[in-house]
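S.K.: Next up, entry10.txt (compact mmCIF, C-alpha atoms and all ligand atoms).
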```txt
# COMPACT_ATOMS: atom_id res chain seq x y z
CA MET A 1 5.55 -41.36 27.95
CA THR A 2 6.93 -39.51 31.00
CA ARG A 3 5.17 -36.50 32.44
CA LEU A 4 7.59 -33.88 31.11
CA PRO A 5 7.28 -34.74 27.41
CA THR A 6 3.48 -35.00 27.86
CA LEU A 7 3.46 -31.52 29.36
CA MET A 8 5.67 -30.27 26.53
CA MET A 9 3.33 -31.84 23.98
CA LEU A 10 0.36 -30.14 25.63
CA ILE A 11 2.11 -26.77 25.59
CA ILE A 12 3.05 -27.18 21.92
CA LEU A 13 -0.49 -28.29 21.07
CA LEU A 14 -1.91 -25.30 22.93
CA ALA A 15 0.51 -22.96 21.14
CA VAL A 16 -0.45 -24.42 17.75
CA CYS A 17 -4.16 -24.04 18.55
CA LEU A 18 -3.68 -20.46 19.71
CA ALA A 19 -1.61 -19.62 16.64
CA LYS A 20 -4.29 -21.13 14.43
CA GLU A 21 -7.00 -19.26 16.27
CA THR A 22 -5.33 -15.85 15.89
CA TYR A 23 -4.53 -16.66 12.29
CA SER A 24 -8.07 -17.51 11.34
CA PHE A 25 -9.38 -13.99 12.02
CA PRO A 26 -8.16 -10.79 10.42
CA SER A 27 -6.40 -8.82 13.12
CA GLY A 28 -8.34 -5.73 12.13
CA GLU A 29 -11.74 -7.00 11.05
CA ASN A 30 -14.03 -10.02 10.94
CA TYR A 31 -15.45 -12.33 8.31
CA PRO A 32 -18.18 -12.10 7.12
CA PRO A 33 -17.52 -8.38 6.71
CA THR A 34 -20.01 -5.68 7.60
CA PHE A 35 -20.73 -2.57 5.53
CA THR A 36 -22.40 0.74 6.26
CA PHE A 37 -24.53 2.71 3.81
CA ARG A 38 -23.99 6.47 3.85
CA ASN A 39 -24.25 9.28 1.30
CA GLY A 40 -25.41 6.84 -1.35
CA ALA A 41 -22.51 4.38 -1.08
CA TRP A 42 -21.44 1.31 0.90
CA TYR A 43 -18.40 1.72 3.15
CA ASP A 44 -16.39 -1.05 4.79
CA THR A 45 -15.20 -1.05 8.42
CA TRP A 46 -11.90 0.58 7.38
CA GLY A 47 -13.93 3.47 5.92
CA PHE A 48 -13.40 2.73 2.22
CA ASN A 49 -16.07 3.06 -0.46
CA ARG A 50 -16.72 -0.31 -2.11
CA ASN A 51 -18.83 1.23 -4.89
CA TYR A 52 -16.25 3.62 -6.29
CA TYR A 53 -12.56 3.35 -7.14
CA GLY A 54 -11.51 7.01 -6.96
CA GLU A 55 -10.85 9.84 -4.47
CA GLN A 56 -9.30 9.53 -0.99
CA ASP A 57 -11.72 6.89 0.28
CA GLY A 58 -12.26 4.93 -2.95
CA TYR A 59 -11.24 1.29 -3.17
CA MET A 60 -8.16 1.85 -5.39
CA PRO A 61 -5.65 0.91 -4.16
CA ASN A 62 -6.79 1.28 -0.51
CA ILE A 63 -8.49 -2.05 0.05
CA ALA A 64 -5.34 -3.91 -1.03
CA TYR A 65 -3.84 -2.86 2.33
CA GLU A 66 -6.78 -4.40 4.22
CA THR A 67 -5.26 -7.79 3.48
CA LEU A 68 -1.56 -6.96 3.93
CA GLY A 69 0.74 -5.90 6.78
CA PRO A 70 -0.89 -6.11 10.22
CA ASP A 71 -4.29 -7.00 8.70
CA ARG A 72 -3.10 -9.92 6.61
CA GLU A 73 -5.15 -13.11 6.87
CA LEU A 74 -6.48 -15.83 4.57
CA ALA A 75 -5.38 -14.56 1.14
CA TYR A 76 -1.89 -13.85 2.49
CA GLY A 77 -1.82 -17.37 3.93
CA LEU A 78 -2.61 -18.82 0.49
CA GLY A 79 0.29 -16.85 -0.99
CA GLU A 80 2.65 -18.11 1.74
CA TRP A 81 1.72 -21.67 0.81
CA PHE A 82 2.94 -21.03 -2.75
CA LYS A 83 6.13 -19.49 -1.39
CA SER A 84 7.00 -22.62 0.56
CA ASN A 85 5.93 -25.04 -2.17
CA TYR A 86 7.50 -23.47 -5.27
CA GLY A 87 11.21 -22.70 -5.09
CA ASN A 88 11.37 -21.32 -8.62
CA THR A 89 9.94 -17.79 -8.80
CA VAL A 90 8.62 -18.02 -12.37
CA ARG A 91 6.88 -21.33 -11.64
CA ARG A 92 5.48 -19.87 -8.41
CA ALA A 93 4.14 -16.80 -10.22
CA THR A 94 2.51 -18.97 -12.88
CA ALA A 95 1.01 -21.34 -10.29
CA ILE A 96 -0.59 -18.44 -8.37
CA LEU A 97 -2.32 -17.14 -11.49
CA ARG A 98 -3.45 -20.69 -12.36
CA TYR A 99 -4.87 -21.08 -8.84
CA VAL A 100 -6.84 -17.83 -9.02
CA GLN A 101 -8.09 -18.71 -12.50
CA ARG A 102 -9.08 -22.20 -11.27
CA TRP A 103 -10.95 -21.06 -8.15
CA THR A 104 -12.64 -17.90 -9.42
CA SER A 105 -14.92 -17.14 -12.29
CA TYR A 106 -15.65 -13.86 -13.96
CA GLY A 107 -19.02 -12.29 -13.24
CA TYR A 108 -20.45 -8.77 -13.39
CA ASP A 109 -20.95 -7.01 -10.07
CA SER A 110 -24.52 -6.08 -11.04
CA ASP A 111 -25.42 -9.78 -11.46
CA ASN A 112 -23.74 -11.03 -8.32
CA VAL A 113 -23.62 -8.43 -5.57
CA TYR A 114 -26.81 -7.44 -3.77
CA MET A 115 -26.86 -5.18 -0.74
CA ASN A 116 -30.23 -5.04 1.07
CA GLY A 117 -31.72 -6.56 -2.08
CA VAL A 118 -30.30 -3.89 -4.38
CA ALA A 119 -27.99 -4.98 -7.22
CA GLN A 120 -24.65 -3.15 -7.08
CA GLU A 121 -23.51 -1.68 -10.40
CA GLU A 122 -19.97 -1.55 -9.05
CA TRP A 123 -18.54 -3.42 -6.09
CA ALA A 124 -15.02 -4.34 -4.99
CA TRP A 125 -14.23 -7.33 -2.76
CA ASN A 126 -10.92 -7.35 -0.93
CA ALA A 127 -8.56 -10.33 -1.21
CA ASP A 128 -9.63 -11.97 2.06
CA GLU A 129 -13.30 -11.75 1.17
CA MET A 130 -12.55 -13.42 -2.19
CA ALA A 131 -10.42 -16.06 -0.44
CA HIS A 132 -13.26 -16.84 2.00
CA MET A 133 -15.73 -17.16 -0.88
CA LEU A 134 -13.82 -19.93 -2.61
CA ASN A 135 -13.58 -23.36 -1.02
CA GLU A 136 -11.40 -26.16 -2.35
CA THR A 137 -13.09 -28.78 -0.13
CA THR A 138 -16.63 -28.03 -1.24
CA ASN A 139 -15.51 -27.16 -4.77
CA THR A 140 -16.90 -23.63 -4.46
CA ILE A 141 -15.78 -20.99 -6.96
CA ALA A 142 -15.61 -17.31 -5.99
CA VAL A 143 -17.23 -14.91 -8.45
CA GLY A 144 -15.80 -11.48 -9.18
CA ASP A 145 -14.78 -9.11 -11.93
CA CYS A 146 -11.46 -7.45 -12.75
CA GLU A 147 -10.77 -5.55 -9.50
CA ASP A 148 -11.82 -8.47 -7.27
CA LEU A 149 -9.52 -10.91 -9.04
CA ALA A 150 -6.69 -8.38 -9.14
CA PHE A 151 -6.89 -7.70 -5.38
CA LEU A 152 -6.78 -11.44 -4.64
CA CYS A 153 -3.81 -12.01 -6.96
CA ALA A 154 -1.90 -8.99 -5.60
CA THR A 155 -2.06 -10.10 -1.96
CA MET A 156 -1.12 -13.67 -2.83
CA TYR A 157 1.88 -12.47 -4.86
CA MET A 158 3.07 -10.16 -2.06
CA ALA A 159 2.83 -13.04 0.42
CA ALA A 160 4.69 -15.31 -1.99
CA GLY A 161 7.65 -12.89 -2.06
CA ILE A 162 6.79 -11.47 -5.50
CA ASP A 163 6.21 -7.72 -5.49
CA ALA A 164 2.90 -6.55 -6.86
CA ALA A 165 1.43 -3.24 -7.97
CA MET A 166 -2.28 -2.55 -8.50
CA VAL A 167 -3.03 -1.01 -11.90
CA LEU A 168 -5.85 1.44 -12.52
CA ALA A 169 -6.60 1.72 -16.24
CA PRO A 170 -9.58 3.31 -18.02
CA GLN A 171 -12.57 1.03 -17.25
CA HIS A 172 -10.25 -1.66 -15.89
CA VAL A 173 -8.20 -2.85 -12.89
CA ALA A 174 -5.30 -5.31 -13.19
CA LEU A 175 -1.89 -5.80 -11.57
CA LEU A 176 1.81 -5.87 -12.30
CA ILE A 177 4.34 -8.19 -10.69
CA TRP A 178 8.09 -7.74 -10.49
CA LEU A 179 9.48 -10.64 -12.51
CA PRO A 180 12.33 -9.51 -14.79
CA GLU A 181 13.58 -13.11 -15.09
CA TYR A 182 10.42 -14.15 -16.95
CA SER A 183 11.33 -14.38 -20.62
CA ASN A 184 7.94 -14.49 -22.38
CA ALA A 185 6.34 -11.15 -21.54
CA ASN A 186 5.23 -8.85 -24.35
CA CYS A 187 6.08 -5.75 -22.24
CA TYR A 188 8.48 -5.07 -19.36
CA TRP A 189 7.40 -1.97 -17.47
CA ASP A 190 9.55 0.54 -15.59
CA LEU A 191 7.87 2.26 -12.61
CA PRO A 192 9.16 5.49 -11.06
CA ASP A 193 11.00 5.63 -7.67
CA ASP A 194 11.29 1.91 -7.03
CA GLY A 195 15.05 1.77 -7.51
CA ARG A 196 14.60 -0.60 -10.47
CA THR A 197 14.53 -0.48 -14.24
CA ALA A 198 12.10 -2.34 -16.54
CA GLY A 199 10.99 -5.69 -15.13
CA TRP A 200 7.35 -5.34 -14.06
CA ILE A 201 5.05 -7.60 -16.06
CA TRP A 202 1.26 -7.55 -16.43
CA VAL A 203 -1.06 -10.11 -14.81
CA GLU A 204 -4.56 -10.41 -16.20
CA ALA A 205 -6.68 -12.83 -14.17
CA THR A 206 -9.96 -12.09 -15.91
CA CYS A 207 -9.69 -14.88 -18.48
CA SER A 208 -8.43 -18.42 -17.93
CA GLN A 209 -6.31 -18.33 -21.11
CA ASN A 210 -4.23 -15.27 -20.20
CA PRO A 211 -0.61 -16.15 -19.39
CA ILE A 212 1.46 -14.02 -17.01
CA GLY A 213 3.35 -11.21 -18.71
CA TRP A 214 0.72 -10.43 -21.32
CA THR A 215 -0.16 -6.74 -21.41
CA PRO A 216 -3.45 -6.44 -23.34
CA PRO A 217 -2.94 -4.30 -26.49
CA GLU A 218 -5.32 -1.58 -25.25
CA PHE A 219 -2.99 -0.94 -22.27
CA ALA A 220 0.33 -1.25 -24.11
CA GLY A 221 0.49 2.54 -24.50
CA GLY A 222 0.98 2.91 -20.75
CA ASP A 223 -2.14 5.03 -20.19
CA TRP A 224 -2.70 3.79 -16.63
CA THR A 225 -1.50 4.32 -13.05
CA ALA A 226 0.36 1.72 -10.98
CA TYR A 227 0.39 1.55 -7.18
CA PRO A 228 3.23 -0.64 -5.85
CA LEU A 229 2.00 -2.31 -2.65
CA GLY A 230 5.27 -2.74 -0.75
CA PHE A 231 4.60 -0.14 1.93
CA ILE A 232 1.36 0.62 3.72
CA GLU A 233 2.71 3.85 5.19
CA PHE A 234 5.57 6.01 4.01
CA ASN A 235 5.53 9.53 5.47
CA VAL A 236 8.61 11.74 5.80
CA GLN A 237 8.88 14.92 7.89
CA TYR A 238 11.71 17.17 9.07
CA LEU A 239 12.20 19.75 11.79
CA PRO A 240 12.82 22.63 12.01
CA GLN A 241 11.15 23.61 8.74
CA LEU A 242 13.46 26.64 8.33
CA PRO A 243 16.82 25.49 9.71
CA GLN A 244 19.29 28.14 10.90
CA ALA A 245 23.09 27.77 11.11
CA GLU A 246 22.86 26.47 14.71
CA ASP A 247 20.19 23.81 13.95
CA ASP A 248 20.63 20.09 13.45
CA VAL A 249 17.76 18.88 11.30
CA VAL A 250 15.82 15.87 12.54
CA VAL A 251 14.31 13.77 9.76
CA THR A 252 11.62 11.27 10.78
CA ALA A 253 9.92 8.70 8.59
CA ARG A 254 6.96 6.52 9.44
CA VAL A 255 7.39 3.34 7.44
CA VAL A 256 5.15 0.26 7.59
CA SER A 257 5.83 -2.64 5.24
CA SER A 258 3.05 -4.68 3.63
CA ARG A 259 4.95 -7.79 4.64
CA ALA A 260 5.50 -6.26 8.09
CA SER A 261 9.23 -6.57 7.61
CA VAL A 262 11.16 -3.37 6.91
CA SER A 263 14.85 -4.29 6.74
CA THR A 264 16.51 -0.86 6.42
CA VAL A 265 15.51 2.78 6.21
CA SER A 266 18.17 5.28 5.21
CA LEU A 267 18.45 9.03 4.94
CA ASN A 268 20.36 10.27 1.89
CA TYR A 269 21.41 13.91 1.80
CA SER A 270 23.45 16.06 -0.54
CA ILE A 271 25.15 19.33 0.41
CA GLN A 272 25.41 21.99 -2.32
CA ASP A 273 24.59 19.38 -5.02
CA GLY A 274 27.53 17.21 -3.91
CA PRO A 275 27.45 13.40 -3.68
CA TYR A 276 24.81 11.85 -1.40
CA ASN A 277 25.75 10.88 2.17
CA GLU A 278 23.83 7.85 3.41
CA LEU A 279 22.81 7.53 7.06
CA LEU A 280 21.04 4.50 8.51
CA MET A 281 17.92 5.73 10.31
CA GLU A 282 17.27 4.46 13.83
CA ALA A 283 14.01 2.63 14.45
CA GLU A 284 11.57 3.15 17.27
CA GLY A 285 8.58 1.02 16.39
CA SER A 286 7.54 2.05 12.90
CA THR A 287 9.19 5.48 13.17
CA TYR A 288 12.71 5.99 11.87
CA GLU A 289 14.94 8.93 12.67
CA ALA A 290 18.27 10.43 11.57
CA ILE A 291 19.93 13.82 11.87
CA ILE A 292 21.41 16.05 9.20
CA PRO A 293 24.16 17.97 11.07
CA LYS A 294 24.00 21.77 11.22
CA GLN A 295 25.41 23.64 8.21
CA PRO A 296 26.58 27.23 7.63
CA ASP A 297 24.19 29.95 6.46
CA GLY A 298 23.27 29.75 2.77
CA THR A 299 24.03 26.02 2.41
CA ARG A 300 21.57 24.23 0.14
CA LEU A 301 20.53 20.70 1.15
CA VAL A 302 18.57 18.07 -0.71
CA PHE A 303 17.49 14.82 0.93
CA TYR A 304 15.27 11.78 0.48
CA VAL A 305 14.46 8.68 2.51
CA SER A 306 14.82 5.19 1.10
CA ALA A 307 13.33 2.02 2.63
CA THR A 308 13.98 -1.63 1.78
CA ASP A 309 11.75 -4.51 2.82
CA SER A 310 12.68 -8.13 3.53
CA GLU A 311 12.26 -9.08 -0.15
CA GLY A 312 14.55 -6.30 -1.39
CA LEU A 313 11.77 -3.98 -2.55
CA ILE A 314 12.92 -0.35 -2.42
CA ARG A 315 10.73 2.70 -1.98
CA LYS A 316 12.17 6.22 -2.19
CA SER A 317 10.46 9.35 -0.91
CA GLU A 318 10.18 12.57 -2.87
CA ARG A 319 13.20 14.89 -2.67
CA PHE A 320 13.01 17.57 0.03
CA GLU A 321 15.19 20.67 -0.02
CA TYR A 322 16.03 23.65 2.15
CA THR A 323 18.56 26.46 2.36
CA VAL A 324 20.08 27.18 5.78
CA GLY A 325 19.33 30.60 7.31
CA GLN A 326 16.14 31.46 5.45
CA GLU A 327 13.77 33.58 7.48
CA PHE A 328 10.06 33.09 7.65
CA LYS A 329 8.66 35.33 4.92
CA ILE A 330 5.29 36.97 5.44
CA PRO A 331 3.24 36.17 2.34
CA PRO A 332 2.49 39.21 0.12
CA PHE A 333 -0.46 41.34 1.29
CA ALA A 334 -0.80 39.34 4.52
CA LEU A 335 -0.06 42.45 6.61
CA GLU A 336 -2.52 44.57 4.61
CA ALA A 337 -5.19 41.87 5.01
CA LEU A 338 -4.58 41.73 8.79
CA ILE A 339 -4.93 45.52 9.13
CA LEU A 340 -8.19 45.47 7.16
CA ILE A 341 -9.58 42.65 9.33
CA PHE A 342 -8.55 44.58 12.47
CA ILE A 343 -10.33 47.76 11.26
CA PHE A 344 -13.42 45.73 10.33
CA VAL A 345 -13.56 44.03 13.76
CA LEU A 346 -13.07 47.39 15.50
CA PHE A 347 -15.88 48.89 13.42
CA ILE A 348 -18.27 46.03 14.31
CA ALA A 349 -17.34 46.32 17.99
CA LEU A 350 -17.99 50.09 18.03
CA LEU A 351 -21.29 49.59 16.24
CA ALA A 352 -22.36 46.97 18.79
CA LYS A 353 -21.41 49.30 21.68
CA ARG A 354 -23.44 52.21 20.28
CA LYS A 355 -26.56 50.02 20.11
CA CA B 1 -16.29 -3.92 -11.08
CA CA B 2 -16.18 -6.33 -8.42
CA CA B 3 11.97 2.28 -12.01
```
Spit out the file's structure as structure tokens when you get a sec.
Ligand SMILES: [Ca+2]
Ligand SMILES: [Ca+2]
Ligand SMILES: [Ca+2]
M.R.:
Amino acid sequence: MTRLPTLMMLIILLAVCLAKETYSFPSGENYPPTFTFRNGAWYDTWGFNRNYYGEQDGYMPNIAYETLGPDRELAYGLGEWFKSNYGNTVRRATAILRYVQRWTSYGYDSDNVYMNGVAQEEWAWNADEMAHMLNETTNTIAVGDCEDLAFLCATMYMAAGIDAAMVLAPQHVALLIWLPEYSNANCYWDLPDDGRTAGWIWVEATCSQNPIGWTPPEFAGGDWTAYPLGFIEFNVQYLPQLPQAEDDVVVTARVVSSRASVSTVSLNYSIQDGPYNELLMEAEGSTYEAIIPKQPDGTRLVFYVSATDSEGLIRKSERFEYTVGQEFKIPPFALEALILIFIFVLFIALLAKRK
């Protein structure tokens, strides 16, 4: 072997090692994870409560994003393996559920999770933590209950190019996947604002017999909330807030994809309830921008932002609207309240001076 190919080989080897090294640690956090106890609950390093599903800092659906987008790691890697080894989407979806059912077993949190020696009545593991707990080489099974299995499945499906949504039902957590081509589901669900009709099917990993597409009868009424996981961030703003006839309106959207691959972001606006004009928004990092040109006084505008990721998943923002030329209105009684406050402050000041 001549020196040049040897050098090339070394460089390639080094690159592979480096790639492997960066891949084996979550870009945000480390494994094993660390948790902090405060106000009676355990919080992870992202600041989410692992003991409770609800409110702003609860685990639903927040901890799904700890294993997607920039923080993706082991569970995502497992899903990518299925993507490259199963060309057929239905077979891939089935194989992922089989894998999770094979390498996990159902167990109550209170029997399996101890923090500082205290059994945890409720505890959610994220997908990477579950993926690190199982080990194919040592034949080690990861133990978890509904939310733990659902988080693992959801990240693997996203990585495998199959869109997933976390489902929060009464006393239960599960997931939906977008698989309209699957013919054996008992329900095909339609979610709002995803640019799609019915084609989401239920995945229940809690029992090894459950096939994909089986919505348990107790959830067939649709009394649950779904959180599609395609975008980690999706915030739209516009300026000025009260556009006048001379103002162009700048619409900005911060969009981060779970697969870290936003393909297009567009601004869609309608003038006086007319047809929608579509403008491609320009990217600067994760921020996208487009301009609605100035309009005459009294014109009513409605707009929304739509983003598409590399797998064709669409997310639409809420509809914003404004009428050109509206002045800032002082809220009722605001002036009266201000005068009263002024008199009160004056009174206190005079009182203080007399003392
Ligand atoms: Ca639980
Ligand atoms: Ca759990
Ligand atoms: Ca829909």
S.K.: List every residue of chain A that has an atom at most 12 Å from any atom of ligand CA 3 (chain B), and for each one report the closest atom pair and its distance in Å to one decimal, counting all atoms listed in the file, with rows sorted by chain and then by increasing residue number, as a Markdown table.
M.R.:
```
| residue | atom | partner | partner_atom | distance |
| --- | --- | --- | --- | --- |
| A:Trp178 | CA | B:CA3 | CA | 10.9 |
| A:Tyr188 | CA | B:CA3 | CA | 11.0 |
| A:Trp189 | CA | B:CA3 | CA | 8.3 |
| A:Asp190 | CA | B:CA3 | CA | 4.7 |
| A:Leu191 | CA | B:CA3 | CA | 4.1 |
| A:Pro192 | CA | B:CA3 | CA | 4.4 |
| A:Asp193 | CA | B:CA3 | CA | 5.6 |
| A:Asp194 | CA | B:CA3 | CA | 5.0 |
| A:Gly195 | CA | B:CA3 | CA | 5.5 |
| A:Arg196 | CA | B:CA3 | CA | 4.2 |
| A:Thr197 | CA | B:CA3 | CA | 4.4 |
| A:Ala198 | CA | B:CA3 | CA | 6.5 |
| A:Gly199 | CA | B:CA3 | CA | 8.6 |
| A:Trp200 | CA | B:CA3 | CA | 9.1 |
| A:Ala226 | CA | B:CA3 | CA | 11.7 |
| A:Pro228 | CA | B:CA3 | CA | 11.1 |
| A:Leu313 | CA | B:CA3 | CA | 11.3 |
| A:Ile314 | CA | B:CA3 | CA | 10.0 |
| A:Arg315 | CA | B:CA3 | CA | 10.1 |
| A:Lys316 | CA | B:CA3 | CA | 10.6 |
```
S.K.: Give me, please, the distance in Å between CA of Gln295 in chain A and CA of Phe328 in chain A, quoted to one decimal.
M.R.: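 According to the coordinates, CA of Gln295 in chain A and CA of Phe328 in chain A are separated by 18.0 Å.
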S.K.: Taking all atoms listed in the file into account, report as a list in words which residues have an atom no farther than 6 Å from an atom of ligand CA 1 (chain B).
M.R.: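 Listed by chain and ascending number, the contacts are Asp109, Glu122, Trp123, Asp145 and Glu147 of chain A.
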S.K.: Please identify every polymer residue within 9 Å of ligand CA 2 (chain B), using all atoms listed in the file, and present the set as a list of chain:residue names.
M.R.: A:Arg50, A:Asn51, A:Gly107, A:Tyr108, A:Asp109, A:Ser110, A:Asn112, A:Val113, A:Glu121, A:Glu122, A:Trp123, A:Ala124, A:Trp125, A:Val143, A:Gly144, A:Asp145, A:Cys146, A:Glu147, A:Asp148, A:Leu149
S.K.: With only C-alpha atoms counted, which protein, DNA or RNA residues have an atom no more than 10 Å from (16.3, 19.6, -0.1) in the file frame? Please answer as a list in words.
M.R.: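 Within the cut-off we find Tyr269, Ser270, Ile271, Gln272, Asp273, Arg300, Leu301, Val302, Phe303, Tyr304, Glu318, Arg319, Phe320, Glu321, Tyr322 and Thr323 of chain A.
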S.K.: Please save C-alpha atoms of the selected residues as a PDB file, in the frame of the given file.
M.R.:
```
ATOM      1  CA  TYR A 269      21.410  13.910   1.800  1.00  0.00           C
ATOM      2  CA  SER A 270      23.450  16.060  -0.540  1.00  0.00           C
ATOM      3  CA  ILE A 271      25.150  19.330   0.410  1.00  0.00           C
ATOM      4  CA  GLN A 272      25.410  21.990  -2.320  1.00  0.00           C
ATOM      5  CA  ASP A 273      24.590  19.380  -5.020  1.00  0.00           C
ATOM      6  CA  ARG A 300      21.570  24.230   0.140  1.00  0.00           C
ATOM      7  CA  LEU A 301      20.530  20.700   1.150  1.00  0.00           C
ATOM      8  CA  VAL A 302      18.570  18.070  -0.710  1.00  0.00           C
ATOM      9  CA  PHE A 303      17.490  14.820   0.930  1.00  0.00           C
ATOM     10  CA  TYR A 304      15.270  11.780   0.480  1.00  0.00           C
ATOM     11  CA  GLU A 318      10.180  12.570  -2.870  1.00  0.00           C
ATOM     12  CA  ARG A 319      13.200  14.890  -2.670  1.00  0.00           C
ATOM     13  CA  PHE A 320      13.010  17.570   0.030  1.00  0.00           C
ATOM     14  CA  GLU A 321      15.190  20.670  -0.020  1.00  0.00           C
ATOM     15  CA  TYR A 322      16.030  23.650   2.150  1.00  0.00           C
ATOM     16  CA  THR A 323      18.560  26.460   2.360  1.00  0.00           C
TER      17      THR A 323
END
```
S.K.: Write out as a PDB file with C-alpha atoms, keeping the file's coordinate frame which residues come within 8 Å of Trp103 in chain A when counting only C-alpha atoms, dropping same-chain ones fewer than 4 positions away.
M.R.:
```pdb
ATOM      1  CA  TYR A  99      -4.870 -21.080  -8.840  1.00  0.00           C
ATOM      2  CA  LEU A 134     -13.820 -19.930  -2.610  1.00  0.00           C
ATOM      3  CA  ASN A 135     -13.580 -23.360  -1.020  1.00  0.00           C
ATOM      4  CA  GLU A 136     -11.400 -26.160  -2.350  1.00  0.00           C
ATOM      5  CA  THR A 140     -16.900 -23.630  -4.460  1.00  0.00           C
ATOM      6  CA  ILE A 141     -15.780 -20.990  -6.960  1.00  0.00           C
ATOM      7  CA  ALA A 142     -15.610 -17.310  -5.990  1.00  0.00           C
TER       8      ALA A 142
END
```
S.K.: Between A:Pro296, A:Gly221, A:Gly230, A:Gly58, which residue has the minimum interatomic distance to Thr308 in chain A, considering all atoms listed in the file?
M.R.: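 The answer is A:Gly230, which sits nearest to Thr308 in chain A.
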S.K.: What does the distance from CA of Ile201 in chain A to CA of Tyr76 in chain A come to in Å, to one decimal?
M.R.: 20.8 Å
S.K.: As an MDAnalysis selection string, please: the residues near Thr225 in chain A (cut-off 10 Å, all atoms listed in the file, same-chain neighbours under 4 positions excluded).
M.R.: chainID A and resid 165:170 173 191
S.K.: Nearest to Val118 in chain A among A:Ala41, A:Pro240, A:Ser306, A:Ile177, with distances taken over all atoms listed in the file: which residue is it?
M.R.: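 Checking each candidate against Val118 in chain A, we get A:Ala41 as the closest.
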S.K.: Expressed in Å to a single decimal, how great is the separation between CA of Glu289 in chain A and CA of Leu267 in chain A?
M.R.: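 It comes out at 8.5 Å.
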S.K.: For range 248-253 of chain A, find every residue with an atom within 8 Å (counting only C-alpha atoms), except residues of its own chain fewer than 5 positions away, and show them as a PyMOL selection string.
M.R.: chain A and resi 234-240+243+267+287-295+305
S.K.: Here is a test: counting all atoms listed in the file, which residue of A:Ala64, A:Val324, A:Met156, A:Val265 is nearest to Asn126 in chain A?
M.R.: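 Looking only at the distances to Asn126 in chain A, the closest residue turns out to be A:Ala64.
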S.K.: Tell me which of A:Val256, A:Val90, A:Ala95, A:Ala119 sits closest to Tyr182 in chain A, counting only C-alpha atoms.
M.R.: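 Looking at the shortest contact to Tyr182 in chain A, the residue is A:Val90.
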S.K.: Tell me, as a list in words, which residues lie within 9 Å of Glu80 in chain A, counting only C-alpha atoms; anything in the same chain fewer than 3 positions away does not count.
M.R.: Ala75, Tyr76, Gly77, Lys83, Ser84, Asn85, Met156, Tyr157, Met158, Ala159, Ala160 and Gly161 of chain A
S.K.: Is it possible to add N, CA and C atoms to range 202-214 of chain A and hand it back as a PDB file, keeping the file's coordinate frame?
M.R.:
```pdb
ATOM      1  N   TRP A 202       2.714  -7.635 -16.638  1.00  0.00           N
ATOM      2  CA  TRP A 202       1.260  -7.550 -16.430  1.00  0.00           C
ATOM      3  C   TRP A 202       0.687  -8.906 -16.040  1.00  0.00           C
ATOM      4  N   VAL A 203      -0.320  -8.885 -15.126  1.00  0.00           N
ATOM      5  CA  VAL A 203      -1.060 -10.110 -14.810  1.00  0.00           C
ATOM      6  C   VAL A 203      -2.544  -9.821 -14.999  1.00  0.00           C
ATOM      7  N   GLU A 204      -3.160 -10.602 -15.843  1.00  0.00           N
ATOM      8  CA  GLU A 204      -4.560 -10.410 -16.200  1.00  0.00           C
ATOM      9  C   GLU A 204      -5.313 -11.681 -15.824  1.00  0.00           C
ATOM     10  N   ALA A 205      -6.039 -11.613 -14.688  1.00  0.00           N
ATOM     11  CA  ALA A 205      -6.680 -12.830 -14.170  1.00  0.00           C
ATOM     12  C   ALA A 205      -8.088 -13.020 -14.702  1.00  0.00           C
ATOM     13  N   THR A 206      -8.546 -12.091 -15.516  1.00  0.00           N
ATOM     14  CA  THR A 206      -9.960 -12.090 -15.910  1.00  0.00           C
ATOM     15  C   THR A 206     -10.336 -13.177 -16.900  1.00  0.00           C
ATOM     16  N   CYS A 207      -9.364 -13.845 -17.501  1.00  0.00           N
ATOM     17  CA  CYS A 207      -9.690 -14.880 -18.480  1.00  0.00           C
ATOM     18  C   CYS A 207      -8.731 -16.047 -18.257  1.00  0.00           C
ATOM     19  N   SER A 208      -9.252 -17.262 -18.302  1.00  0.00           N
ATOM     20  CA  SER A 208      -8.430 -18.420 -17.930  1.00  0.00           C
ATOM     21  C   SER A 208      -7.311 -18.701 -18.933  1.00  0.00           C
ATOM     22  N   GLN A 209      -7.364 -18.083 -20.115  1.00  0.00           N
ATOM     23  CA  GLN A 209      -6.310 -18.330 -21.110  1.00  0.00           C
ATOM     24  C   GLN A 209      -5.109 -17.385 -20.952  1.00  0.00           C
ATOM     25  N   ASN A 210      -5.303 -16.271 -20.229  1.00  0.00           N
ATOM     26  CA  ASN A 210      -4.230 -15.270 -20.200  1.00  0.00           C
ATOM     27  C   ASN A 210      -2.999 -15.773 -19.450  1.00  0.00           C
ATOM     28  N   PRO A 211      -1.822 -15.779 -20.110  1.00  0.00           N
ATOM     29  CA  PRO A 211      -0.610 -16.150 -19.390  1.00  0.00           C
ATOM     30  C   PRO A 211      -0.067 -14.941 -18.612  1.00  0.00           C
ATOM     31  N   ILE A 212       0.844 -15.170 -17.675  1.00  0.00           N
ATOM     32  CA  ILE A 212       1.460 -14.020 -17.010  1.00  0.00           C
ATOM     33  C   ILE A 212       2.321 -13.283 -18.036  1.00  0.00           C
ATOM     34  N   GLY A 213       2.471 -11.982 -17.824  1.00  0.00           N
ATOM     35  CA  GLY A 213       3.350 -11.210 -18.710  1.00  0.00           C
ATOM     36  C   GLY A 213       2.697 -10.683 -19.963  1.00  0.00           C
ATOM     37  N   TRP A 214       1.399 -10.914 -20.112  1.00  0.00           N
ATOM     38  CA  TRP A 214       0.720 -10.430 -21.320  1.00  0.00           C
ATOM     39  C   TRP A 214      -0.011  -9.127 -21.006  1.00  0.00           C
TER      40      TRP A 214
END
```
